[in-house]
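J.: Here it is: the structure, laid out below.
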Amino acid sequence: MGTLIEETTSVASVVEALDRDGVVVLPEFATGAWLAGMQRAFRQNLARPRWNHFDGYRQTELFRHMVEDVLMLDQGFVDLAVHPLVAGVVREYVGADVQLREAKGWLSLPTKRDFHGWHGDAWYDQATIKDRIPREVKAAMYLTDVRSGAFAYVKGSHRQQAPRMIRKSEVGDKVKGEILECFGKAGTLVLFDTSGVHRQNMPILEPRWAIFYNYHQPTVPLQKEDVVGYRYHPLLLNAAFLGGLDEAGRQLLGFGDKTHYQPDYERPPRFEVIQAINHALLLAKIRLEDIPVLLKDLARHYLKR
Ligand SMILES: O=C(O)CCC(=O)C(=O)O
């Protein structure tokens with residue numbers, strides 16, 4: 001089986017397993033009220049797509065509904081981000097100046113389509129960094145029980161090559177290692193080195209909710225597409241959840257760090273026609289709602305004469 005670590009978990013034992021296998025599973029790491037709070041907030045954000053004054057999910061592909069910036073949604077998400085075990089592991093494995101650089105999640109919809117192939121996560125600028133593989137760890141947590149469509153990882157495939165998309169035929173051939181399918185209950189935490197070969201397995205037979213936190217050093221230059229998409233913007237946070245943070249927690253969340261802040265950022269346009277239609281419909285509805293007020297104003301005006 002895989003690298004399942006239970007009960008007596010220490011930073012050292014997780015780092016050792018991460019070094020060896022590239023992946024560590026901590027079954028039911030979050031339970032009780034902690035887990036329930038995150039599930040409630042996640043469910044709320046999956047109710048509808050983001051639009052006008054509604055918060056919700058973002059959708060740019062068929063089989064996933066993305067919940068962005070989860071640290072704004074519930075205390076539990078922040079508690080996970082700075083949890084002593086998670087923080088200890090990423091500091092030890094990535095480096096003392098590591099930061100949480102992205103915190104989002106998604107609903108994966110049931111499908112038999114192979115839409116999400118094997119890959120190592122491309123994130124840093126491979127045009128300038130050729131002689132090393134900067135370290136990045138993701139902390140993934142399931143918010144539903146996962147019996148299919150699990151996160152899968154080729155054990156020991158980390159730190160071998162610059163991250164890229166991997167063809168199916170390469171797995172078992174060029175990329176060797178046991179495939180760990182991380183089935184688990186809601187609250188299960190998976191820590192993995194993102195340079196290792198991984199994917200969401202298919203088929204996905206039930207909806208799956210999962211969050212993925214991305215820890216790396218902010219000093220590493222990012223690949224161009226992530227700068228253009230402003231993927232690693234400074235974390236968006238909710239003041240209500242930051243009361244208990246100590247200096248180490250603030251550093252991990254990147255307080256005051258403007259390295260990747262883009263003051264005049266404008267997202268490259270997409271779905272422009274749909275946006276224009278949407279806006280026109282919205283404006284028409286607001287104008288319709290305004291007709292009684294308009295009629296009253298007109299009546300007042302003419303009656304005064
Ligand atoms: O959704 C999954 O299980 C896979 C996630 C993944 O491939 C990634 O975060 O890079």
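Labels for the structure tokens follow display order: chains A, B, ..., residues from 1 in each chain, ligands from 1.
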Using DSSP on the backbone, list every residue of segment 34-215 of chain A that comes out as strand (DSSP E or B), and give them as a short mmCIF file (atom, residue, chain, number, x, y, z; two decimals) with N, CA and C atoms, in the first residue's frame.
T.:
```
data_model
loop_
_atom_site.label_atom_id
_atom_site.label_comp_id
_atom_site.auth_asym_id
_atom_site.auth_seq_id
_atom_site.Cartn_x
_atom_site.Cartn_y
_atom_site.Cartn_z
N PRO A 49 -22.62 29.82 -9.68
CA PRO A 49 -21.38 30.46 -10.14
C PRO A 49 -21.31 31.90 -9.65
N TRP A 51 -21.25 35.68 -9.72
CA TRP A 51 -21.86 36.58 -10.71
C TRP A 51 -22.35 37.85 -10.00
N PHE A 54 -23.08 37.99 -6.28
CA PHE A 54 -23.05 36.66 -5.67
C PHE A 54 -21.64 36.10 -5.67
N TYR A 57 -18.76 29.72 -7.23
CA TYR A 57 -17.63 29.07 -7.90
C TYR A 57 -17.33 29.74 -9.24
N ARG A 58 -16.14 29.45 -9.74
CA ARG A 58 -15.71 29.92 -11.05
C ARG A 58 -15.63 28.71 -11.97
N ARG A 64 -15.07 20.73 -13.67
CA ARG A 64 -14.68 21.23 -12.35
C ARG A 64 -15.29 22.60 -12.07
N HIS A 65 -15.76 22.74 -10.85
CA HIS A 65 -16.22 24.04 -10.35
C HIS A 65 -15.19 24.51 -9.33
N MET A 66 -14.56 25.63 -9.62
CA MET A 66 -13.44 26.07 -8.78
C MET A 66 -13.91 27.02 -7.67
N VAL A 67 -13.50 26.73 -6.47
CA VAL A 67 -13.77 27.64 -5.34
C VAL A 67 -12.44 28.32 -5.01
N GLN A 99 6.22 30.08 1.65
CA GLN A 99 4.91 30.73 1.90
C GLN A 99 3.80 29.90 1.28
N LEU A 100 2.62 30.07 1.82
CA LEU A 100 1.44 29.54 1.15
C LEU A 100 1.12 30.51 0.01
N ARG A 101 1.12 30.04 -1.21
CA ARG A 101 1.02 30.93 -2.36
C ARG A 101 -0.32 30.82 -3.09
N GLU A 102 -1.11 29.83 -2.73
CA GLU A 102 -2.42 29.67 -3.36
C GLU A 102 -3.24 28.75 -2.47
N ALA A 103 -4.52 29.06 -2.31
CA ALA A 103 -5.40 28.21 -1.50
C ALA A 103 -6.76 28.18 -2.18
N LYS A 104 -7.00 27.09 -2.90
CA LYS A 104 -8.28 26.99 -3.58
C LYS A 104 -8.76 25.55 -3.56
N GLY A 105 -9.95 25.33 -4.05
CA GLY A 105 -10.46 23.97 -4.08
C GLY A 105 -11.40 23.81 -5.25
N TRP A 106 -11.89 22.60 -5.42
CA TRP A 106 -12.84 22.40 -6.50
C TRP A 106 -13.73 21.20 -6.26
N LEU A 107 -14.88 21.30 -6.92
CA LEU A 107 -15.77 20.15 -7.04
C LEU A 107 -15.41 19.49 -8.36
N SER A 108 -15.10 18.20 -8.32
CA SER A 108 -14.93 17.44 -9.57
C SER A 108 -16.24 16.71 -9.82
N THR A 111 -17.60 11.81 -14.05
CA THR A 111 -17.39 11.65 -15.49
C THR A 111 -16.49 10.45 -15.73
N HIS A 119 0.80 14.44 -14.73
CA HIS A 119 1.67 15.62 -14.89
C HIS A 119 2.47 15.86 -13.61
N TYR A 124 7.25 27.26 -12.00
CA TYR A 124 8.37 28.22 -11.99
C TYR A 124 8.85 28.44 -13.42
N GLU A 136 8.30 22.55 -4.31
CA GLU A 136 6.94 23.00 -4.05
C GLU A 136 6.18 21.82 -3.45
N VAL A 137 5.41 22.12 -2.40
CA VAL A 137 4.57 21.09 -1.77
C VAL A 137 3.12 21.53 -1.85
N LYS A 138 2.25 20.59 -2.20
CA LYS A 138 0.82 20.87 -2.08
C LYS A 138 0.27 20.08 -0.91
N ALA A 139 -0.63 20.73 -0.18
CA ALA A 139 -1.39 20.05 0.87
C ALA A 139 -2.82 19.97 0.34
N ALA A 140 -3.26 18.74 0.10
CA ALA A 140 -4.61 18.55 -0.44
C ALA A 140 -5.47 17.92 0.64
N MET A 141 -6.69 18.43 0.78
CA MET A 141 -7.61 17.81 1.74
C MET A 141 -8.94 17.52 1.08
N TYR A 142 -9.43 16.31 1.27
CA TYR A 142 -10.76 15.96 0.79
C TYR A 142 -11.81 16.52 1.74
N VAL A 146 -13.86 9.92 -0.45
CA VAL A 146 -13.42 9.69 -1.85
C VAL A 146 -13.23 8.19 -2.08
N ARG A 147 -14.13 7.65 -2.90
CA ARG A 147 -14.09 6.22 -3.24
C ARG A 147 -13.74 5.98 -4.71
N SER A 148 -13.74 7.08 -5.47
CA SER A 148 -13.32 7.02 -6.88
C SER A 148 -12.83 8.42 -7.23
N GLY A 149 -12.15 8.53 -8.36
CA GLY A 149 -11.64 9.84 -8.74
C GLY A 149 -10.66 10.38 -7.71
N ALA A 150 -9.88 9.46 -7.13
CA ALA A 150 -8.95 9.86 -6.06
C ALA A 150 -7.72 10.55 -6.65
N PHE A 151 -7.05 11.31 -5.82
CA PHE A 151 -5.75 11.84 -6.18
C PHE A 151 -4.80 10.63 -6.31
N ALA A 152 -4.02 10.58 -7.37
CA ALA A 152 -3.10 9.46 -7.58
C ALA A 152 -1.69 10.00 -7.82
N TYR A 153 -0.69 9.26 -7.34
CA TYR A 153 0.71 9.74 -7.38
C TYR A 153 1.62 8.56 -7.66
N VAL A 154 2.57 8.76 -8.55
CA VAL A 154 3.57 7.71 -8.79
C VAL A 154 4.66 7.88 -7.73
N MET A 165 3.65 17.87 -18.60
CA MET A 165 2.59 16.89 -18.85
C MET A 165 3.26 15.56 -19.19
N VAL A 171 3.92 6.34 -18.17
CA VAL A 171 3.77 5.87 -16.78
C VAL A 171 3.93 4.35 -16.78
N VAL A 175 8.38 6.59 -16.48
CA VAL A 175 8.12 6.99 -15.09
C VAL A 175 7.76 5.74 -14.30
N ILE A 179 1.87 3.12 -8.14
CA ILE A 179 0.88 4.19 -8.19
C ILE A 179 0.05 4.13 -6.91
N LEU A 180 0.12 5.23 -6.17
CA LEU A 180 -0.66 5.31 -4.93
C LEU A 180 -1.95 6.04 -5.22
N GLU A 181 -3.08 5.35 -5.04
CA GLU A 181 -4.39 5.98 -5.22
C GLU A 181 -4.88 6.36 -3.84
N CYS A 182 -5.02 7.63 -3.60
CA CYS A 182 -5.29 8.09 -2.24
C CYS A 182 -6.79 8.13 -1.94
N PHE A 183 -7.42 6.97 -1.81
CA PHE A 183 -8.81 6.96 -1.37
C PHE A 183 -8.83 7.41 0.09
N GLY A 184 -9.94 7.95 0.53
CA GLY A 184 -9.99 8.34 1.94
C GLY A 184 -11.27 9.05 2.29
N LEU A 189 -5.80 14.22 4.62
CA LEU A 189 -4.84 15.18 4.10
C LEU A 189 -3.77 14.44 3.29
N VAL A 190 -3.45 14.96 2.12
CA VAL A 190 -2.37 14.39 1.31
C VAL A 190 -1.34 15.49 1.09
N LEU A 191 -0.11 15.23 1.48
CA LEU A 191 0.98 16.18 1.22
C LEU A 191 1.83 15.59 0.11
N PHE A 192 2.14 16.39 -0.92
CA PHE A 192 2.96 15.83 -1.99
C PHE A 192 3.88 16.87 -2.61
N ASP A 193 5.01 16.37 -3.07
CA ASP A 193 5.97 17.18 -3.82
C ASP A 193 5.41 17.28 -5.23
N HIS A 198 1.52 13.00 -11.02
CA HIS A 198 0.25 12.83 -10.31
C HIS A 198 -0.92 13.23 -11.20
N ARG A 199 -2.11 12.98 -10.71
CA ARG A 199 -3.33 13.33 -11.45
C ARG A 199 -4.55 13.07 -10.55
N GLN A 200 -5.71 13.48 -10.99
CA GLN A 200 -6.94 12.95 -10.41
C GLN A 200 -7.30 11.73 -11.24
N ILE A 204 -14.55 9.26 -12.36
CA ILE A 204 -15.04 9.89 -11.13
C ILE A 204 -16.52 9.50 -11.05
N ARG A 208 -16.65 14.98 -6.12
CA ARG A 208 -15.56 15.05 -5.12
C ARG A 208 -15.24 16.49 -4.80
N TRP A 209 -15.19 16.81 -3.51
CA TRP A 209 -14.77 18.15 -3.09
C TRP A 209 -13.35 18.01 -2.52
N ALA A 210 -12.47 18.88 -2.95
CA ALA A 210 -11.11 18.85 -2.40
C ALA A 210 -10.52 20.24 -2.43
N ILE A 211 -9.64 20.53 -1.47
CA ILE A 211 -8.91 21.80 -1.49
C ILE A 211 -7.42 21.50 -1.69
N PHE A 212 -6.75 22.41 -2.34
CA PHE A 212 -5.33 22.23 -2.64
C PHE A 212 -4.59 23.51 -2.24
N TYR A 213 -3.66 23.40 -1.31
CA TYR A 213 -2.83 24.53 -0.88
C TYR A 213 -1.44 24.35 -1.48
N ASN A 214 -0.90 25.46 -1.93
CA ASN A 214 0.32 25.41 -2.69
C ASN A 214 1.43 26.19 -1.96
N TYR A 215 2.45 25.49 -1.51
CA TYR A 215 3.52 26.13 -0.74
C TYR A 215 4.82 26.14 -1.55
#
```
J.: Counting only C-alpha atoms, which residues of segment 9-48 of chain A sit at most 12 Å from some atom of segment 78-84 of chain A, and what is each one's closest atom pair with its distance in Å to one decimal, listed by chain and rising residue number, as CSV?
T.:
```
residue,atom,partner,partner_atom,distance
A:Thr9,CA,A:Pro84,CA,11.4
A:Ser10,CA,A:Pro84,CA,9.9
A:Val11,CA,A:Pro84,CA,8.6
A:Phe29,CA,A:Leu80,CA,9.6
A:Ala30,CA,A:Leu80,CA,8.4
A:Thr31,CA,A:Leu80,CA,11.6
A:Trp34,CA,A:Asp79,CA,8.7
A:Leu35,CA,A:Leu80,CA,10.0
A:Gly37,CA,A:Asp79,CA,11.3
A:Met38,CA,A:Val78,CA,10.0
```
J.: Please identify the alpha helix (DSSP H) residues within segment 42-260 of chain A (assignment by DSSP from backbone atoms) and present them as a PyMOL selection string.
T.: chain A and resi 42-45+75-81+84-93+224-228+247-252
J.: Under the rule that only C-alpha atoms and all ligand atoms are counted, which of A:Asp131, A:Asp121, A:Glu61, A:Asp97 is the nearest residue to ligand 1?
T.: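 For ligand 1, the nearest of the candidates is A:Asp121.
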J.: So which residues touch His260 of chain A within 10 Å, counting only C-alpha atoms, skipping near sequence neighbours fewer than 2 positions away, as number ranges by chain?
T.: A: 101, 218-219, 221-222, 227, 230-234, 257-258, 262-263
J.: Just to be explicit: take each residue in the selection above, keep C-alpha atoms, and write the result as a short mmCIF file (atom, residue, chain, number, x, y, z; two decimals), in the first residue's frame.
T.:
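Heads up, here's the output in again-v8.cif:
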```cif
data_model
loop_
_atom_site.label_atom_id
_atom_site.label_comp_id
_atom_site.auth_asym_id
_atom_site.auth_seq_id
_atom_site.Cartn_x
_atom_site.Cartn_y
_atom_site.Cartn_z
CA ARG A 101 1.02 30.93 -2.36
CA PRO A 218 8.12 33.56 -3.23
CA THR A 219 11.64 34.35 -4.45
CA PRO A 221 10.49 33.38 -10.59
CA LEU A 222 7.14 32.19 -11.92
CA VAL A 227 2.14 35.91 -14.19
CA TYR A 230 -2.02 36.43 -11.83
CA ARG A 231 -2.35 32.94 -10.42
CA TYR A 232 -0.12 33.50 -7.41
CA HIS A 233 -1.56 36.82 -6.31
CA PRO A 234 -1.04 37.67 -2.63
CA ASP A 257 5.09 40.63 0.91
CA LYS A 258 4.51 42.44 -2.38
CA GLN A 262 0.58 43.48 -9.61
CA PRO A 263 -0.98 46.88 -8.82
#
```
J.: Restricting the calculation to only C-alpha atoms: of A:Phe241, A:Phe271, A:Phe255, A:Trp123, which residue gets closest to Phe77 of chain A?
T.: A:Phe241
J.: Can you tell me how far atom CA of Met202 of chain A sits from atom 4 (C, counted along the ligand's line) of ligand 1, in Å to one decimal?
T.: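 Those two atoms sit 10.5 Å apart.
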J.: Report, in Å to a single decimal, how far apart atom CA of Pro110 of chain A and atom CA of Leu62 of chain A are.
T.: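 Distance reported for this atom pair: 10.7 Å.
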J.: From the list A:Val273, A:Leu298, A:Leu73, A:Leu18, which residue is nearest Leu237 of chain A when using only C-alpha atoms?
T.: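 For Leu237 of chain A, the nearest of the candidates is A:Leu73.
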J.: Between atom CA of Ala87 of chain A and atom CA of Leu253 of chain A, what is the distance, to one decimal in Å?
T.: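 For atom CA of Ala87 of chain A relative to atom CA of Leu253 of chain A, the distance reads 10.4 Å.
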